[in-house]
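Notes to accompany the following structure.
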Number of protein chains: 2
Amino acid sequence: MILGSGQSENSSGLLFLTDEQLRKGIEAMFFAYRGFTADPDRILSERSYGRAHHRALHFIKRSPGTTVNNLLSTLGVTKQSLNRVLRTLIQDGLVLNEVGVQDKRQRHLSLTVDGSEFEQKLSNAQSDRMRAAYRQAGPDAVQGFRSVLEAMMDPELKKHYESFSKGQRL
Amino acid sequence: MILGSGQSENSSGLLFLTDEQLRKGIEAMFFAYRGFTADPDRILSERSYGRAHHRALHFIKRSPGTTVNNLLSTLGVTKQSLNRVLRTLIQDGLVLNEVGVQDKRQRHLSLTVDGSEFEQKLSNAQSDRMRAAYRQAGPDAVQGFRSVLEAMMDPELKKHYESFSKGQRL
DNA sequence: ACAATACGTCAGTGTTGTTGACATTCCAAG
DNA sequence: CTTGGAATGTCAACAACACTGACGTATTGT
């Protein structure tokens, strides 16, 4: 096993980590997340939207026809909080809200052409930075990046994360 | 070069990344950040503090005697926003605010014993999850994790991130 | 018929961010 | 020594986004 700088393993094969290493990891998450959201935030503020709108658009694009309840548990917010965002997106003609066929209580959400376009714009801005970071770090790093992030998720949230891979090739 | 699943390189040696791969990376960041903040958030809400208090405590602990302006640019918020948080922390006896010796305009911030204790509690909760994730993913993954996150930071923020390593062994 | 589910909405509250304005203190350059 | 500007603190107003609690409606399942 090749060890990176500053990491070591004891005889039990357990990774030994100093407080300093963990603290750097915490700070890396903090600073990286800022960069991660910086570009979409700029675009969103032009239309006086916020991060919540971006998240909603992202996951509706991801799962077209999804129900409100499903989106709710993916985002992990209350229905009141989501509703505020959804209402503006529907009013602005970015999101479609259609009554369910089998179950008429449900509302199926999807993006309009405008919504799809705007989501693409946001997605591109964020993807560009992600791609640049991936290329700079290299393919092996990307594997590690994903592994650590997945190990950091709450199990309940990880289910949602994995559900998007069902029947999709990565 | 060993390629992870779904990644490939073209003849120019440039990493080829599909929209789907990038989208998964974006979602990984989103879901992981939730897990990342979940444990401290619980502890903070017991004292009716928020994430902003945690961040302030973290970086004051990191750089004892730092000035308000320095903390401001690290956190990337306005002085008004930071001031509100600092005021409560000072009132609650967690943070010390001392007038500068050379430059008396500056206020040097540091943690009291209580503040240090509370910061430790928060830090431990977050570190525990980070350590678990690191161990689950393995040492090579940790290297990659850090590499990608660093490549994702804005250059201006990265300076702050790196400043904490000056003269420190990792 | 009745309970539960899915959704929407109203009202109130809290944290965290923003701008803008203004006062104070202090250093440093003219 | 005066003055400009930097560093700090504070006030007010506002917005985004989260929360709780409550209520109403339509629909579904038992």
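Naming works like this for the structure tokens: A, B, ... for the chains as they're shown, residue 1 at the start of each chain, ligands 1 onward in shown order.
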| said: Need to verify the contact set: DA28 in chain C, 10 Å, only C-alpha atoms (C1' of nucleotides), exclusion of same-chain residues closer than 2 positions in sequence. Can you return it as a list of chain:residue names? | reply: C:DC26, C:DG30, D:DG4, D:DG5
| task | Check the DSSP output for the backbone and give back, as a count of residues only, the residues of range 30-127 of chain B in helix (DSSP H, G or I). | result | 65
Would you mind listing what lies within 8 Å of range 158-162 of chain A as a compact mmCIF listing (two decimals) with N, CA and C atoms, in the first residue's frame, with only C-alpha atoms (C1' of nucleotides) counted and same-chain residues fewer than 6 positions away left out?
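Wrote it out as result_16.txt, contents follow:
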```txt
# COMPACT_ATOMS: atom_id res chain seq x y z
N THR A 74 -35.54 14.05 -1.16
CA THR A 74 -34.21 14.18 -1.76
C THR A 74 -33.51 15.43 -1.26
N GLU A 150 -18.81 9.75 -0.73
CA GLU A 150 -19.88 8.77 -0.51
C GLU A 150 -19.85 8.24 0.91
N GLU B 27 -23.70 15.98 -7.42
CA GLU B 27 -24.61 15.44 -6.41
C GLU B 27 -23.85 14.88 -5.22
N ALA B 28 -22.69 14.31 -5.47
CA ALA B 28 -21.87 13.80 -4.37
C ALA B 28 -21.49 14.93 -3.43
N PHE B 31 -24.77 15.98 -1.40
CA PHE B 31 -25.18 15.05 -0.35
C PHE B 31 -24.11 14.92 0.74
```
| said: For a quick test of understanding: name the residues of chain B lying within 8 Å of chain A when counting only C-alpha atoms, and present them as a PyMOL selection string. | reply: chain B and resi 2-7+14-15+17+19-23+25-29+31-36+126-127+129-154+157-158+161+169-170
| Quick one: of B:Gln120, B:Thr67, B:Ala52, B:Arg84, who's nearest to Asp103 in chain B, counting only C-alpha atoms? | B:Thr67
Sorted by chain and rising residue number, which residues of chain A lie within 8 Å of chain C, and what are their closest atom pairs and distances in Å to one decimal, counting only C-alpha atoms (C1' of nucleotides), as CSV?
```
residue,atom,partner,partner_atom,distance
A:Val68,CA,C:DC7,C1',7.9
A:Asn69,CA,C:DA6,C1',7.5
A:Asn83,CA,C:DG8,C1',7.9
A:Arg105,CA,C:DA6,C1',5.3
A:Gln106,CA,C:DA6,C1',5.8
A:Arg107,CA,C:DC7,C1',7.8
```
| Near chain A, which residues of chain D fall within 12 Å when you count only C-alpha atoms (C1' of nucleotides), and what do they look like as number ranges by chain? | D: 15-21, 25-29
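Picture a line from CA of Ser163 in chain B to CA of Pro64 in chain B; it runs 13.7 Å.
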| field | DSSP strand (DSSP E or B) selection over chain B, as a PyMOL selection string | value | chain B and resi 8-9+15-16+66-67+95-99+107-111
Written file, previous selection with C-alpha atoms, as a compact mmCIF listing (two decimals), in the first residue's frame:
```
# COMPACT_ATOMS: atom_id res chain seq x y z
CA SER B 8 -11.25 7.27 -20.14
CA GLU B 9 -8.47 9.23 -21.72
CA LEU B 15 -9.48 13.07 -19.28
CA PHE B 16 -12.83 12.51 -20.96
CA THR B 66 -6.26 36.82 14.41
CA THR B 67 -7.85 40.15 13.56
CA VAL B 95 -14.44 34.40 22.46
CA LEU B 96 -11.98 37.03 23.73
CA ASN B 97 -11.72 40.39 21.99
CA GLU B 98 -8.52 42.25 22.78
CA VAL B 99 -7.42 45.64 21.48
CA ARG B 107 -9.14 43.54 17.67
CA HIS B 108 -7.38 40.27 18.28
CA LEU B 109 -9.68 37.30 18.66
CA SER B 110 -9.03 34.18 20.67
CA LEU B 111 -11.02 31.48 22.43
```
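The coordinates place CA of Val113 in chain A at 7.4 Å from CA of Leu94 in chain A.
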